[in-house]
Amino acid sequence: MIVQMKRQQFAALTGQELIAACTEPMIVQFRSGDMSVKLEVMSRLNKEQQALCMFRLLYPAAHSPEEFGAWMAYLLEQPGYWTGILGGVRFFDETALLRLLEEIERLATEHRSTAVPHHAGTVQSVLSPLFQSFADAMNDSIERISLYIRSDPQQFVALVD
């Protein structure tokens, strides 16, 4: 599912805008909630697009510490999403972000196994101190991934005049 885009627009978009533009048609379909639709959409994408879509699922976590904790907790409860996100981050060789995601997973797992009901904070509260590191790593990854897209646009977009 290659997105059509004018060359001028492609050149003018920020890194985050470029990633969003390349993935928005797929993300809209993912929001249907129907897993069979999500799997069908993913099956029509090339490996670069699949990795980009999975990376894009991290966007909501970068808005605030509260959203970060809540979104990470949600993603961790969805093993297919989490595995796909890690695979997408690995595909783009985003080592720093991958290490951070693995640390998030470790902390959340550790918290769940040691939490005393009604006396322990939520997984979100355990993760929220990592927000700034995550936001910084995401910004760096967005810039590098957008350079990847710009260096090999035909994998993501059909450029038109």
# chains A, B, ... in the order shown; residues from 1 in each chain; ligands from 1
$ residues_around --residues "Asp136 in chain A" --least-positions-apart "6" --cutoff "10 Å" --atoms "only C-alpha atoms" --output "tab-separated table (two decimals) with all heavy atoms, in the first residue's frame"
chain	number	residue	atom	x	y	z
A	62	ALA	N	4.59	9.10	23.26
A	62	ALA	CA	5.55	10.20	23.33
A	62	ALA	C	4.94	11.54	23.72
A	62	ALA	O	5.63	12.54	23.77
A	62	ALA	CB	6.29	10.32	21.99
A	97	LEU	N	16.71	2.74	21.30
A	97	LEU	CA	15.27	2.61	21.56
A	97	LEU	C	14.93	1.17	21.91
A	97	LEU	O	14.14	0.92	22.83
A	97	LEU	CB	14.46	3.10	20.37
A	97	LEU	CG	12.94	3.05	20.53
A	97	LEU	CD1	12.48	3.88	21.72
A	97	LEU	CD2	12.27	3.54	19.25
A	142	ILE	N	13.02	8.83	15.11
A	142	ILE	CA	12.20	9.46	14.07
A	142	ILE	C	13.08	10.12	13.02
A	142	ILE	O	12.85	9.97	11.81
A	142	ILE	CB	11.20	10.46	14.69
A	142	ILE	CG1	10.08	9.69	15.40
A	142	ILE	CG2	10.65	11.42	13.64
A	142	ILE	CD1	9.19	10.55	16.30
$ residues_around --residues "Glu67 in chain A" --least-positions-apart "6" --cutoff "10 Å" --atoms "only C-alpha atoms" --output "short mmCIF file (atom, residue, chain, number, x, y, z; two decimals) with C-alpha atoms, in the first residue's frame"
data_model
loop_
_atom_site.label_atom_id
_atom_site.label_comp_id
_atom_site.auth_asym_id
_atom_site.auth_seq_id
_atom_site.Cartn_x
_atom_site.Cartn_y
_atom_site.Cartn_z
CA PRO A 60 0.93 7.92 21.36
CA ALA A 61 3.41 7.16 24.14
CA ALA A 73 1.11 -0.88 29.73
CA GLN A 124 2.16 3.14 34.55
CA SER A 128 6.65 7.05 34.00
CA PHE A 131 9.31 8.98 29.82
#
$ select_by_dssp --residues "chain A" --states "alpha helix (DSSP H)" --output "VMD selection string"
chain A and resid 7 to 12 15 to 30 35 to 43 47 to 56 65 to 76 79 to 91 95 to 114 123 to 127 131 to 151
$ select_by_dssp --residues "chain A" --states "strand (DSSP E or B)" --output "list of chain:residue names"
A:Val3, A:Gln4, A:Met5, A:Lys6, A:Val157, A:Ala158, A:Leu159, A:Val160
$ write_last_selection --atoms "N, CA and C atoms" --output "JSON list (two decimals), in the first residue's frame"
[["chain", "number", "residue", "atom", "x", "y", "z"],
["A", 3, "VAL", "N", 1.79, 5.02, -0.60],
["A", 3, "VAL", "CA", 1.08, 6.29, -0.48],
["A", 3, "VAL", "C", 1.55, 7.22, -1.60],
["A", 4, "GLN", "N", 0.62, 7.89, -2.25],
["A", 4, "GLN", "CA", 1.00, 8.90, -3.26],
["A", 4, "GLN", "C", 1.25, 10.23, -2.57],
["A", 5, "MET", "N", 2.31, 10.91, -3.02],
["A", 5, "MET", "CA", 2.67, 12.18, -2.40],
["A", 5, "MET", "C", 3.41, 13.04, -3.42],
["A", 6, "LYS", "N", 3.13, 14.32, -3.37],
["A", 6, "LYS", "CA", 3.84, 15.25, -4.23],
["A", 6, "LYS", "C", 5.28, 15.39, -3.74],
["A", 157, "VAL", "N", 6.49, 5.51, -0.71],
["A", 157, "VAL", "CA", 5.66, 6.49, -1.39],
["A", 157, "VAL", "C", 5.87, 6.44, -2.91],
["A", 158, "ALA", "N", 4.82, 6.86, -3.63],
["A", 158, "ALA", "CA", 4.94, 7.09, -5.07],
["A", 158, "ALA", "C", 4.96, 8.61, -5.21],
["A", 159, "LEU", "N", 6.09, 9.12, -5.61],
["A", 159, "LEU", "CA", 6.26, 10.57, -5.74],
["A", 159, "LEU", "C", 5.71, 11.05, -7.07],
["A", 160, "VAL", "N", 4.89, 12.07, -7.01],
["A", 160, "VAL", "CA", 4.29, 12.66, -8.19],
["A", 160, "VAL", "C", 4.63, 14.15, -8.23]]
$ closest_atom_pairs --of "range 56-148 of chain A" --to "range 22-32 of chain A" --cutoff "12 Å" --atoms "only C-alpha atoms" --output "tab-separated table"
residue	atom	partner	partner_atom	distance
A:Arg56	CA	A:Thr23	CA	7.5
A:Leu57	CA	A:Ile27	CA	8.4
A:Leu58	CA	A:Ile27	CA	11.9
A:Tyr59	CA	A:Ile27	CA	11.4
A:Tyr81	CA	A:Phe30	CA	11.5
A:Ile145	CA	A:Cys22	CA	11.6
A:Ser146	CA	A:Cys22	CA	10.1
$ closest_residue --among "A:Ser113, A:Glu143, A:Asp161, A:Phe55" --to "Leu101 in chain A" --atoms "only C-alpha atoms"
A:Phe55
$ atom_distance --atom1 "CA of Leu13 in chain A" --atom2 "CA of Cys53 in chain A"
17.7 Å
$ closest_residue --among "A:Ala20, A:Val89, A:Gly80, A:Leu127" --to "Leu39 in chain A" --atoms "only C-alpha atoms"
A:Gly80
$ closest_residue --among "A:Phe91, A:Phe10, A:Trp82, A:Phe68" --to "Lys47 in chain A" --atoms "only C-alpha atoms"
A:Phe91
$ atom_distance --atom1 "CA of Thr83 in chain A" --atom2 "CA of Ser151 in chain A"
26.5 Å
$ closest_residue --among "A:Ala51, A:Leu86, A:Val126, A:Gln8" --to "Arg99 in chain A" --atoms "only C-alpha atoms"
A:Leu86
$ atom_distance --atom1 "CA of Ala12 in chain A" --atom2 "CA of Asp140 in chain A"
18.7 Å
